[in-house]
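Coordinates from my_file-v1.txt are shown below (compact mmCIF, C-alpha atoms).
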```
# COMPACT_ATOMS: atom_id res chain seq x y z
CA MET E 751 0.00 0.00 0.00
CA LYS E 752 1.42 3.33 -1.02
CA ILE E 753 1.06 5.96 1.66
CA ASN E 754 0.81 9.39 0.04
CA VAL E 755 0.73 12.02 2.74
CA PRO E 756 1.60 15.50 1.50
CA PHE E 757 4.62 16.90 3.25
CA SER E 758 2.99 20.21 4.29
CA ILE E 759 -0.06 18.50 5.84
CA ALA E 760 2.21 16.21 7.85
CA ILE E 761 4.22 19.20 9.12
CA ALA E 762 1.08 21.17 10.02
CA VAL E 763 -0.60 18.27 11.82
CA LEU E 764 2.56 17.25 13.67
CA SER E 765 3.47 20.76 14.81
CA ALA E 766 -0.13 21.41 15.85
CA ILE E 767 -0.38 18.20 17.89
CA ILE E 768 2.95 18.89 19.66
CA ALA E 769 1.96 22.50 20.39
CA LEU E 770 -1.49 21.45 21.61
CA LEU E 771 -0.16 18.66 23.85
CA GLY E 772 2.21 21.17 25.42
CA TYR E 773 -0.83 23.11 26.60
CA PHE E 774 -2.32 20.24 28.55
CA ILE E 775 0.55 17.89 29.49
CA GLU E 776 3.27 19.01 31.87
CA ASN E 777 6.51 17.65 30.41
CA SER E 778 9.81 19.53 30.17
CA LEU E 779 10.83 18.07 26.78
CA LEU E 780 7.38 18.68 25.32
CA ASN E 781 7.40 22.23 26.67
CA GLN E 782 10.84 22.85 25.15
CA ILE E 783 9.73 21.60 21.72
CA ARG E 784 6.50 23.59 22.01
CA SER E 785 8.32 26.80 22.89
CA SER E 786 10.78 26.41 20.00
CA LEU E 787 7.88 25.72 17.63
CA LEU E 788 6.12 28.80 18.96
CA GLN E 789 9.31 30.86 18.59
CA SER E 790 9.69 29.65 14.97
CA ALA E 791 6.05 30.51 14.25
CA ILE E 792 6.55 34.02 15.69
CA ILE E 793 9.66 34.54 13.52
CA LEU E 794 7.79 33.24 10.46
CA ALA E 795 4.85 35.55 11.18
CA GLY E 796 7.28 38.47 11.33
CA VAL E 797 8.91 37.44 8.05
CA ALA E 798 5.44 36.97 6.53
CA LEU E 799 4.58 40.58 7.43
CA ILE E 800 7.74 41.82 5.69
CA ILE E 801 6.94 39.65 2.64
CA GLY E 802 3.44 41.16 2.64
CA VAL E 803 4.91 44.67 2.57
CA ILE E 804 7.31 43.67 -0.25
CA ASN E 805 4.34 42.29 -2.19
CA MET E 806 2.39 45.50 -1.59
CA MET E 807 5.36 47.49 -2.93
CA ARG E 808 5.49 45.23 -5.96
CA VAL E 809 1.78 45.69 -6.68
CA HIS E 810 2.11 49.49 -6.38
CA TRP E 811 5.18 49.42 -8.66
CA VAL E 812 3.46 47.27 -11.31
CA GLU E 813 0.32 49.44 -11.22
CA MET E 814 2.35 52.62 -11.42
CA ARG E 815 4.35 51.39 -14.43
CA GLY E 816 1.20 50.08 -16.09
CA GLY E 817 -0.48 53.47 -15.67
CA LYS E 818 -3.21 51.94 -13.48
CA GLY E 819 -4.67 54.36 -10.93
CA ASN E 820 -3.33 57.79 -10.08
CA LYS E 821 0.49 57.87 -10.13
CA ILE E 822 0.61 60.40 -7.29
CA TYR E 823 -1.04 57.92 -4.87
CA HIS E 824 1.61 55.32 -5.63
CA LEU E 825 4.42 57.86 -5.29
CA THR E 826 3.00 59.11 -1.97
CA PHE E 827 2.86 55.52 -0.71
CA PHE E 828 6.51 54.95 -1.68
CA ALA E 829 7.58 58.31 -0.23
CA GLY E 830 5.97 57.53 3.15
CA LEU E 831 7.34 53.99 3.22
CA ILE E 832 10.91 54.81 2.18
CA LEU E 833 11.20 57.93 4.34
CA THR E 834 9.97 56.07 7.43
CA LEU E 835 12.28 53.13 6.75
CA LEU E 836 15.24 55.46 6.29
CA LEU E 837 14.50 57.52 9.41
CA GLY E 838 13.66 54.48 11.55
CA GLY E 839 16.68 52.55 10.23
CA TRP E 840 19.09 55.45 10.67
CA PHE E 841 18.03 56.80 14.06
CA GLY E 842 16.49 53.63 15.53
CA MET E 843 12.98 53.26 16.89
CA SER E 844 13.89 54.46 20.38
CA ASN E 845 15.00 57.87 19.06
CA PRO E 846 12.20 60.49 18.60
CA ASN E 847 13.66 61.38 15.17
CA GLY E 848 13.19 57.78 14.14
CA TYR E 849 9.47 57.64 14.70
CA TRP E 850 8.35 61.22 14.20
CA LEU E 851 6.53 60.23 11.02
CA TYR E 852 4.51 57.80 13.14
CA GLU E 853 3.42 60.64 15.42
CA ALA E 854 2.92 63.07 12.55
CA VAL E 855 1.02 60.72 10.21
CA VAL E 856 -0.25 57.52 11.84
CA VAL E 857 -1.55 58.97 15.13
CA PRO E 858 -3.54 61.91 13.64
CA VAL E 859 -4.91 59.85 10.72
CA GLU E 860 -6.04 57.04 13.04
CA ALA E 861 -7.60 59.48 15.53
CA SER E 862 -9.31 61.44 12.74
CA LEU E 863 -10.63 58.27 11.10
CA MET E 864 -12.01 57.19 14.47
CA ALA E 865 -13.59 60.62 14.91
CA ILE E 866 -15.33 60.62 11.51
CA MET E 867 -16.36 57.01 12.11
CA ALA E 868 -18.30 58.26 15.15
CA ILE E 869 -20.03 60.87 12.99
CA PHE E 870 -20.95 58.33 10.31
CA LEU E 871 -22.14 55.83 12.93
CA THR E 872 -24.36 58.48 14.50
CA TYR E 873 -25.82 59.22 11.06
CA LEU E 874 -26.39 55.50 10.44
CA LEU E 875 -28.07 55.17 13.82
CA THR E 876 -30.73 57.63 12.69
CA LYS E 877 -31.20 55.52 9.53
CA ILE E 878 -32.07 52.45 11.62
CA ILE E 879 -35.36 54.09 12.59
CA ASN E 880 -36.34 54.43 8.93
CA ARG E 881 -34.97 51.12 7.65
CA ARG E 882 -35.98 48.57 10.31
CA LYS E 883 -38.93 49.33 12.49
CA ASP E 884 -39.00 46.22 14.68
CA PHE E 885 -38.79 45.49 18.39
CA PHE E 886 -35.08 44.57 18.44
CA SER E 887 -34.05 47.72 16.53
CA ILE E 888 -35.86 49.78 19.17
CA VAL E 889 -34.15 47.81 21.98
CA PHE E 890 -30.78 48.41 20.29
CA LEU E 891 -31.45 52.12 19.78
CA VAL E 892 -32.70 52.68 23.33
CA THR E 893 -29.65 50.85 24.75
CA VAL E 894 -27.31 53.02 22.66
CA LEU E 895 -29.00 56.21 23.84
CA VAL E 896 -29.08 55.12 27.48
CA GLY E 897 -25.45 53.94 27.17
CA LEU E 898 -24.46 57.41 25.95
CA LEU E 899 -26.50 59.16 28.65
CA THR E 900 -24.95 57.06 31.43
CA SER E 901 -21.43 58.11 30.41
CA ALA E 902 -21.80 61.88 30.79
CA PRO E 903 -24.33 64.49 31.96
CA PHE E 904 -26.80 65.56 29.26
CA LEU E 905 -26.41 69.32 28.58
CA GLY E 906 -24.78 69.68 31.98
CA GLN E 907 -27.64 67.94 33.80
CA GLU E 908 -27.40 64.50 35.39
CA ILE E 909 -30.52 62.52 34.54
CA PRO E 910 -31.98 60.73 37.62
CA PHE E 911 -31.67 56.91 37.69
CA ILE E 912 -29.45 57.02 34.56
CA ALA E 913 -26.33 59.15 34.88
CA THR E 914 -25.80 59.18 38.62
CA GLY E 915 -22.80 57.03 39.57
CA ASN E 916 -23.87 53.39 39.94
CA SER E 917 -27.43 54.00 38.72
CA ILE E 918 -30.17 51.35 38.47
CA VAL E 919 -30.40 51.59 34.69
CA LYS E 920 -26.61 51.31 34.31
CA SER E 921 -26.50 48.26 36.60
CA LEU E 922 -29.38 46.60 34.73
CA LEU E 923 -27.74 47.20 31.35
CA HIS E 924 -24.44 45.84 32.70
CA LEU E 925 -26.21 42.73 33.94
CA VAL E 926 -28.07 42.02 30.69
CA SER E 927 -25.09 42.78 28.45
CA ASN E 928 -22.77 40.69 30.68
CA GLY E 929 -25.03 37.67 30.18
CA ALA E 930 -25.11 38.10 26.40
CA MET E 931 -21.37 38.83 26.19
CA ARG E 932 -20.60 35.65 28.12
CA GLY E 933 -22.78 33.69 25.70
CA ILE E 934 -21.09 35.33 22.71
CA LEU E 935 -17.61 34.67 24.18
CA ILE E 936 -18.42 31.00 24.78
CA GLY E 937 -19.83 30.78 21.23
CA VAL E 938 -16.71 32.39 19.76
CA ALA E 939 -14.50 30.02 21.77
CA LEU E 940 -16.47 26.99 20.53
CA GLY E 941 -16.24 28.29 16.96
CA SER E 942 -12.48 28.86 17.32
CA ILE E 943 -12.03 25.33 18.66
CA ALA E 944 -13.98 23.87 15.73
CA THR E 945 -12.01 25.92 13.18
CA GLY E 946 -8.69 25.12 14.87
CA LEU E 947 -9.48 21.41 14.98
CA ARG E 948 -10.24 21.44 11.25
CA VAL E 949 -6.71 22.75 10.62
CA ILE E 950 -5.17 20.33 13.14
CA LEU E 951 -6.95 17.37 11.55
CA GLY E 952 -5.89 18.51 8.11
CA SER E 953 -9.36 19.02 6.64
CA ASP E 954 -8.71 22.78 6.27
CA ARG E 955 -5.38 23.59 4.58
CA PRO E 956 -4.77 27.34 4.55
CA TYR E 957 -1.10 26.64 3.67
CA GLY E 958 -2.06 25.12 0.30
CA GLY E 959 -1.02 21.54 1.03
CA MET T 878 22.89 63.13 15.51
CA ASN T 879 19.63 64.91 16.43
CA LEU T 880 17.47 67.18 14.32
CA SER T 881 16.38 70.41 15.98
CA ALA T 882 13.59 69.52 18.43
CA ASP T 883 11.64 72.75 17.80
CA TRP T 884 11.74 72.32 14.03
CA LEU T 885 10.70 68.69 14.38
CA ASN T 886 7.80 69.54 16.69
CA PHE T 887 6.59 72.36 14.47
CA THR T 888 6.71 70.21 11.31
CA MET T 889 5.01 67.34 13.14
CA MET T 890 2.16 69.55 14.35
CA LEU T 891 1.70 71.12 10.92
CA VAL T 892 1.59 67.74 9.14
CA SER T 893 -0.78 66.43 11.84
CA ALA T 894 -3.11 69.41 11.45
CA MET T 895 -3.16 69.15 7.65
CA LEU T 896 -3.90 65.42 7.78
CA THR T 897 -6.64 65.95 10.38
CA LEU T 898 -8.33 68.56 8.17
CA ILE T 899 -8.03 66.33 5.10
CA ILE T 900 -9.54 63.33 6.88
CA PHE T 901 -12.33 65.45 8.42
CA SER T 902 -13.17 66.85 4.98
CA TYR T 903 -14.25 63.33 3.96
CA ILE T 904 -17.53 64.11 5.76
CA PHE T 905 -18.42 66.26 2.72
CA GLY T 906 -17.52 63.51 0.25
CA ASP T 907 -14.67 61.54 -1.31
CA HIS T 908 -11.79 63.57 -2.84
CA PHE T 909 -8.23 63.44 -4.13
CA LEU T 910 -6.52 64.70 -0.96
CA PHE T 911 -8.23 62.05 1.19
CA HIS T 912 -6.83 59.30 -1.03
CA LEU T 913 -3.41 60.94 -0.87
CA ALA T 914 -3.53 61.01 2.95
CA VAL T 915 -4.62 57.36 3.06
CA ALA T 916 -1.79 56.36 0.66
CA LEU T 917 0.71 58.15 2.91
CA PHE T 918 -0.84 56.53 6.01
CA ILE T 919 -0.56 53.04 4.48
CA GLY T 920 3.06 53.63 3.43
CA VAL T 921 4.12 54.91 6.84
CA SER T 922 2.16 52.21 8.72
CA ALA T 923 3.71 49.45 6.58
CA ALA T 924 7.19 50.79 7.26
CA ILE T 925 6.50 51.14 10.99
CA GLY T 926 5.25 47.53 11.01
CA CYS T 927 8.44 46.33 9.30
CA LEU T 928 10.70 48.31 11.64
CA THR T 929 8.85 47.11 14.74
CA ILE T 930 9.02 43.48 13.61
CA TYR T 931 12.73 43.83 12.81
CA HIS T 932 13.60 45.43 16.16
CA SER T 933 11.37 43.33 18.42
CA VAL T 934 11.34 39.91 16.70
CA LEU T 935 13.84 39.38 13.90
CA TYR T 936 16.89 41.13 15.36
CA PRO T 937 16.75 39.41 18.80
CA ALA T 938 15.82 36.02 17.32
CA LEU T 939 17.92 35.80 14.16
CA ILE T 940 20.77 38.32 14.35
CA GLN T 941 21.65 38.74 18.03
CA PRO T 942 22.46 35.01 18.58
CA ILE T 943 25.07 35.14 15.77
CA ILE T 944 26.65 38.31 17.15
CA GLN T 945 26.85 36.87 20.67
CA ASP T 946 28.19 33.43 19.75
CA PRO T 947 28.72 32.82 16.01
CA ILE T 948 29.00 28.99 16.09
CA ARG T 949 26.16 28.23 18.52
CA GLY T 950 24.18 31.13 17.08
CA TRP T 951 24.18 29.68 13.56
CA ILE T 952 23.09 26.28 14.93
CA THR T 953 20.26 27.90 16.94
CA ILE T 954 18.89 29.95 14.08
CA ALA T 955 19.49 27.41 11.25
CA ILE T 956 15.95 25.99 11.11
CA PRO T 957 13.99 29.26 11.59
CA LEU T 958 16.30 30.95 9.06
CA LEU T 959 15.80 28.16 6.51
CA LEU T 960 12.00 28.30 7.00
CA SER T 961 12.07 32.11 6.71
CA CYS T 962 14.04 31.88 3.46
CA LEU T 963 11.59 29.33 2.11
CA LEU T 964 8.74 31.72 2.89
CA PHE T 965 10.20 34.22 0.40
CA PHE T 966 9.35 31.78 -2.41
CA LYS T 967 5.72 32.80 -1.82
CA LEU T 968 6.54 35.97 -3.76
CA SER T 969 6.94 33.88 -6.91
CA GLN T 970 3.91 32.26 -8.51
CA ARG T 971 6.01 29.46 -9.98
CA TRP T 972 7.97 28.58 -6.85
CA SER T 973 5.21 29.39 -4.36
CA PHE T 974 4.88 25.74 -3.27
CA MET T 975 8.37 25.91 -1.71
CA GLY T 976 6.96 28.17 1.00
CA ASN T 977 4.18 25.75 1.95
CA PRO T 978 6.12 23.97 4.77
CA SER T 979 6.79 27.32 6.48
CA LEU T 980 3.14 28.29 6.17
CA ALA T 981 2.15 24.83 7.44
CA ILE T 982 4.14 25.37 10.65
CA MET T 983 2.52 28.80 11.10
CA ALA T 984 -0.95 27.38 10.49
CA GLY T 985 -0.42 24.31 12.69
CA VAL T 986 1.07 26.18 15.65
CA GLY T 987 -1.47 28.98 15.17
CA ALA T 988 -4.39 26.53 15.19
CA ALA T 989 -3.03 24.78 18.30
CA THR T 990 -2.59 28.14 20.04
CA VAL T 991 -6.14 29.14 19.09
CA VAL T 992 -7.60 25.85 20.37
CA GLY T 993 -5.51 25.87 23.57
CA GLY T 994 -6.22 29.56 24.16
CA ALA T 995 -9.94 29.15 23.55
CA ILE T 996 -10.18 26.22 25.98
CA LYS T 997 -7.89 27.52 28.72
CA GLY T 998 -8.33 31.25 28.21
CA THR T 999 -12.02 31.61 27.38
CA LEU T 1000 -14.13 28.49 27.82
CA PHE T 1001 -12.95 27.38 31.29
CA PRO T 1002 -12.76 30.88 32.81
CA GLN T 1003 -16.20 31.87 31.45
CA ILE T 1004 -17.84 28.67 32.69
CA GLY T 1005 -16.00 29.10 36.01
CA ALA T 1006 -17.21 32.70 36.30
CA SER T 1007 -20.80 31.55 35.69
CA ILE T 1008 -20.46 29.00 38.52
CA THR T 1009 -18.77 31.33 41.03
CA GLN T 1010 -21.62 33.78 40.65
CA PHE T 1011 -23.66 31.37 42.78
CA ASP T 1012 -20.93 30.94 45.42
CA LEU T 1013 -22.63 32.03 48.67
CA GLN T 1014 -19.37 32.05 50.65
CA ALA T 1015 -17.74 34.40 48.13
CA MET T 1016 -20.82 36.66 48.36
CA LYS T 1017 -20.51 36.71 52.15
CA ALA T 1018 -16.81 37.57 51.91
CA ALA T 1019 -17.56 40.42 49.48
CA SER T 1020 -20.46 41.63 51.72
CA VAL T 1021 -23.00 41.11 48.93
CA ASN T 1022 -26.63 40.40 49.80
CA PRO T 1023 -27.09 36.70 48.86
CA ILE T 1024 -30.54 37.29 47.33
CA VAL T 1025 -29.26 40.15 45.16
CA GLY T 1026 -26.18 38.09 44.24
CA LEU T 1027 -28.27 35.06 43.27
CA ILE T 1028 -30.64 37.19 41.17
CA GLU T 1029 -27.67 38.81 39.39
CA GLY T 1030 -26.06 35.43 38.78
CA GLY T 1031 -29.38 34.04 37.56
CA VAL T 1032 -29.94 36.88 35.07
CA ILE T 1033 -26.39 36.51 33.70
CA LEU T 1034 -26.71 32.72 33.42
CA PHE T 1035 -30.12 33.06 31.76
CA GLY T 1036 -28.64 35.59 29.31
CA THR T 1037 -25.74 33.26 28.53
CA ILE T 1038 -28.01 30.26 27.90
CA THR T 1039 -30.52 32.18 25.75
CA THR T 1040 -27.70 33.82 23.75
CA LEU T 1041 -26.21 30.40 23.04
CA ALA T 1042 -29.72 29.17 22.12
CA TYR T 1043 -29.99 31.99 19.55
CA PHE T 1044 -26.89 30.65 17.81
CA HIS T 1045 -28.27 27.11 17.72
CA PHE T 1046 -29.21 26.63 14.09
CA GLY T 1047 -30.13 22.94 14.22
CA ALA T 1048 -33.47 22.37 12.45
CA HIS T 1049 -35.71 19.56 11.23
CA LEU T 1050 -37.97 19.19 8.19
CA THR T 1051 -41.70 19.63 8.85
CA SER T 1052 -44.42 17.61 7.10
CA GLU T 1053 -44.85 20.58 4.73
CA GLY T 1054 -41.18 20.32 3.76
CA LYS T 1055 -40.10 23.45 5.64
CA LEU T 1056 -37.05 23.74 7.90
CA GLN T 1057 -38.05 24.48 11.49
CA ARG T 1058 -36.16 24.83 14.76
CA THR T 1059 -37.08 22.64 17.73
CA SER T 1060 -40.13 24.15 19.46
CA TRP T 1061 -38.43 24.82 22.83
CA ILE T 1062 -35.45 26.57 21.16
CA GLU T 1063 -37.66 29.24 19.50
CA PRO T 1064 -38.73 31.20 22.63
CA LEU T 1065 -35.27 30.88 24.19
CA SER T 1066 -33.75 32.16 20.96
CA TRP T 1067 -36.16 35.15 20.95
CA ILE T 1068 -35.11 36.10 24.48
CA GLY T 1069 -31.46 35.56 23.48
CA LYS T 1070 -31.96 38.00 20.62
CA PHE T 1071 -33.14 40.59 23.15
CA PHE T 1072 -30.03 40.04 25.30
CA ILE T 1073 -27.81 40.30 22.20
CA ALA T 1074 -29.54 43.52 21.06
CA VAL T 1075 -28.86 45.07 24.48
CA ALA T 1076 -25.22 43.87 24.51
CA LEU T 1077 -24.55 45.13 20.98
CA GLY T 1078 -26.23 48.45 21.80
CA TRP T 1079 -24.01 48.77 24.88
CA ILE T 1080 -20.87 48.00 22.83
CA PHE T 1081 -22.02 50.39 20.09
CA SER T 1082 -22.45 53.20 22.62
CA GLY T 1083 -18.93 52.48 23.91
CA ILE T 1084 -17.53 52.75 20.37
CA LEU T 1085 -19.45 55.99 19.82
CA ARG T 1086 -18.07 57.38 23.09
CA ALA T 1087 -14.50 56.51 22.03
CA GLY T 1088 -15.14 58.14 18.64
CA TYR T 1089 -16.51 61.33 20.20
CA ILE T 1090 -13.50 61.51 22.53
CA ALA T 1091 -11.16 61.15 19.52
CA PHE T 1092 -13.17 63.86 17.71
CA LEU T 1093 -12.92 66.24 20.68
CA GLU T 1094 -9.18 65.52 21.02
CA ARG T 1095 -8.62 66.38 17.35
CA VAL T 1096 -10.72 69.58 17.60
CA ARG T 1097 -8.83 70.56 20.75
CA PHE T 1098 -5.52 69.94 18.98
CA MET T 1099 -6.54 72.16 16.06
CA ILE T 1100 -7.69 74.98 18.39
CA ASP T 1101 -4.44 74.77 20.38
CA LEU T 1102 -2.38 74.90 17.18
CA ILE T 1103 -4.27 77.94 15.86
CA LEU T 1104 -3.87 79.74 19.22
CA ASP T 1105 -0.14 78.92 19.28
CA LEU T 1106 0.31 80.21 15.74
CA LEU T 1107 -1.61 83.41 16.55
CA ARG T 1108 0.58 83.95 19.61
CA VAL T 1109 3.76 83.60 17.50
CA ILE T 1110 2.48 85.98 14.81
```

For the structure just supplied, provide its representation as structure tokens.
Amino acid sequence: MKINVPFSIAIAVLSAIIALLGYFIENSLLNQIRSSLLQSAIILAGVALIIGVINMMRVHWVEMRGGKGNKIYHLTFFAGLILTLLLGGWFGMSNPNGYWLYEAVVVPVEASLMAIMAIFLTYLLTKIINRRKDFFSIVFLVTVLVGLLTSAPFLGQEIPFIATGNSIVKSLLHLVSNGAMRGILIGVALGSIATGLRVILGSDRPYGG
Amino acid sequence: MNLSADWLNFTMMLVSAMLTLIIFSYIFGDHFLFHLAVALFIGVSAAIGCLTIYHSVLYPALIQPIIQDPIRGWITIAIPLLLSCLLFFKLSQRWSFMGNPSLAIMAGVGAATVVGGAIKGTLFPQIGASITQFDLQAMKAASVNPIVGLIEGGVILFGTITTLAYFHFGAHLTSEGKLQRTSWIEPLSWIGKFFIAVALGWIFSGILRAGYIAFLERVRFMIDLILDLLRVI
């Protein structure tokens, strides 16, 4: 009988079983193998990120040369990338000169995107009333409004039973949402276990084996 | 070698302010400058990611061992280095398969970590927390009224069970050929939907709060910058 087990599947299954056993069985040798496997996986994840960036550069380069999209966008991308790499590489990441582009570009863009996201979400919240007029939409909307009112006084006034310290409404909402969140967390954990087991058993092969 | 701190700060604030205005202007619609800011953001973020990975993972794991002890260092890093080199074949369509073993290790160890983490980090602690909510001795130690504690524990447990019931999609075929859930699951699932609506509303309000705080911080930054510039002029 010819046993034809693809090499990659064997590696994935074996490394997964060793790593998983290390979680539940106390054994120094197993722990050592598990930690070196974990270390290798961390290194590989890091290298994968760098390969991803190289691939992104390649795509931008190909599109720029092929005249696809606006050339200035591609050039801006390259300028930001190369300048940050040069500054970070030259000064080091612990020197303020090395990461000033992070503070000048990444921090304000992220904060501003978050800020406009709040504005768009508020707008979308008003749309819920028009789009879905059912019981659960109303429950959702009321919870959002009460959640916002419990966090700060409304026009300088603290609303009784809602905004005052450990109010009844706040405690009730905490209680109900805690129950649902626990259910969701357990559901997510069960889903993760099922998905992980599919990879461990070799029925899902995200590595292309 | 250090660039002038004042010059650096001034440039940083000016770039920050310009980017903030550009991103905020998206409220009025999509435009060229917004795309430019996003392209710059992606470029800088990608570079920061690479630098962080190099300094915190690759340098200590692959380069430092060789510098400290060349012979033992090479032996220690041989396998991770070989696997890392193989991963670069993924950039080529023709030779992509050469990187599969490296990806297989990542996927295998990742899956094991997810399963182990989900069991030990989420499932057991959450089930444990549901049980301890009915621990009368713990309530006494924390000076909690046992009746109030039991009611609280009961509501949370009921919410957990009904939420899980909502995600139970098992169904059977009726005589009319329609798919239908088991009769006792339906009402539980309806209550679970209520609990989920409240939880999602609570999370949504938290996200909105964080967004408003970010908005106020940006507005405050712009006002401070304008006042500083006016003072200088």

From the list E:Val919, E:Met843, E:Val809, E:Ala762, which residue is nearest chain T when using only C-alpha atoms? E:Ala762

Compile the residues of chain T that lie within 6 Å of chain E, evaluated using all atoms listed in the file, and express the compilation as number ranges by chain. T: 889, 892-893, 897, 913, 916-918, 920-921, 924, 927, 930, 957, 961, 977-978, 980-983, 985-986, 988-989, 992, 995, 1000, 1033, 1036-1037, 1040-1041, 1072-1076, 1078-1079, 1082, 1085, 1088, 1091-1092

Selection file, C-alpha atoms, as an mmCIF file, keeping the file's coordinate frame:
```cif
data_model
loop_
_atom_site.group_PDB
_atom_site.id
_atom_site.type_symbol
_atom_site.label_atom_id
_atom_site.label_comp_id
_atom_site.auth_asym_id
_atom_site.auth_seq_id
_atom_site.Cartn_x
_atom_site.Cartn_y
_atom_site.Cartn_z
ATOM 1 C CA MET T 889 5.010 67.340 13.140
ATOM 2 C CA VAL T 892 1.590 67.740 9.140
ATOM 3 C CA SER T 893 -0.780 66.430 11.840
ATOM 4 C CA THR T 897 -6.640 65.950 10.380
ATOM 5 C CA LEU T 913 -3.410 60.940 -0.870
ATOM 6 C CA ALA T 916 -1.790 56.360 0.660
ATOM 7 C CA LEU T 917 0.710 58.150 2.910
ATOM 8 C CA PHE T 918 -0.840 56.530 6.010
ATOM 9 C CA GLY T 920 3.060 53.630 3.430
ATOM 10 C CA VAL T 921 4.120 54.910 6.840
ATOM 11 C CA ALA T 924 7.190 50.790 7.260
ATOM 12 C CA CYS T 927 8.440 46.330 9.300
ATOM 13 C CA ILE T 930 9.020 43.480 13.610
ATOM 14 C CA PRO T 957 13.990 29.260 11.590
ATOM 15 C CA SER T 961 12.070 32.110 6.710
ATOM 16 C CA ASN T 977 4.180 25.750 1.950
ATOM 17 C CA PRO T 978 6.120 23.970 4.770
ATOM 18 C CA LEU T 980 3.140 28.290 6.170
ATOM 19 C CA ALA T 981 2.150 24.830 7.440
ATOM 20 C CA ILE T 982 4.140 25.370 10.650
ATOM 21 C CA MET T 983 2.520 28.800 11.100
ATOM 22 C CA GLY T 985 -0.420 24.310 12.690
ATOM 23 C CA VAL T 986 1.070 26.180 15.650
ATOM 24 C CA ALA T 988 -4.390 26.530 15.190
ATOM 25 C CA ALA T 989 -3.030 24.780 18.300
ATOM 26 C CA VAL T 992 -7.600 25.850 20.370
ATOM 27 C CA ALA T 995 -9.940 29.150 23.550
ATOM 28 C CA LEU T 1000 -14.130 28.490 27.820
ATOM 29 C CA ILE T 1033 -26.390 36.510 33.700
ATOM 30 C CA GLY T 1036 -28.640 35.590 29.310
ATOM 31 C CA THR T 1037 -25.740 33.260 28.530
ATOM 32 C CA THR T 1040 -27.700 33.820 23.750
ATOM 33 C CA LEU T 1041 -26.210 30.400 23.040
ATOM 34 C CA PHE T 1072 -30.030 40.040 25.300
ATOM 35 C CA ILE T 1073 -27.810 40.300 22.200
ATOM 36 C CA ALA T 1074 -29.540 43.520 21.060
ATOM 37 C CA VAL T 1075 -28.860 45.070 24.480
ATOM 38 C CA ALA T 1076 -25.220 43.870 24.510
ATOM 39 C CA GLY T 1078 -26.230 48.450 21.800
ATOM 40 C CA TRP T 1079 -24.010 48.770 24.880
ATOM 41 C CA SER T 1082 -22.450 53.200 22.620
ATOM 42 C CA LEU T 1085 -19.450 55.990 19.820
ATOM 43 C CA GLY T 1088 -15.140 58.140 18.640
ATOM 44 C CA ALA T 1091 -11.160 61.150 19.520
ATOM 45 C CA PHE T 1092 -13.170 63.860 17.710
#
```

For atom CA of T:Gly1030 and atom CA of T:Asp1012, determine how far apart the two atoms are, in Å to one decimal place.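 The value is 9.5 Å.
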
note - atom CA of T:Phe1046 and atom CA of T:Arg1058 are separated by 7.2 Å

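The space separating atom CA of T:Leu964 from atom CA of T:Ser979 comes to 6.0 Å.
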
Give the padded box for stretch 904-915 of chain T as lines of an AutoDock Vina configuration file: axis-aligned, covering all atoms listed in the file, 8 Å on each side, centre and edge lengths in Å to one decimal.
```
center_x = -10.9
center_y = 61.8
center_z = 0.8
size_x = 31.0
size_y = 24.9
size_z = 25.9
```

Write out as an NGL selection string the residues lying within 12 Å of T:Leu1106, counting all atoms listed in the file and excluding same-chain residues fewer than 5 positions away. :T and (887 or 890-891 or 1099-1101)

Which residue out of T:Leu898, T:Leu1027, T:Gly993, T:Leu1050 has the minimum interatomic distance to T:Ala1015 when all atoms listed in the file are used? T:Leu1027
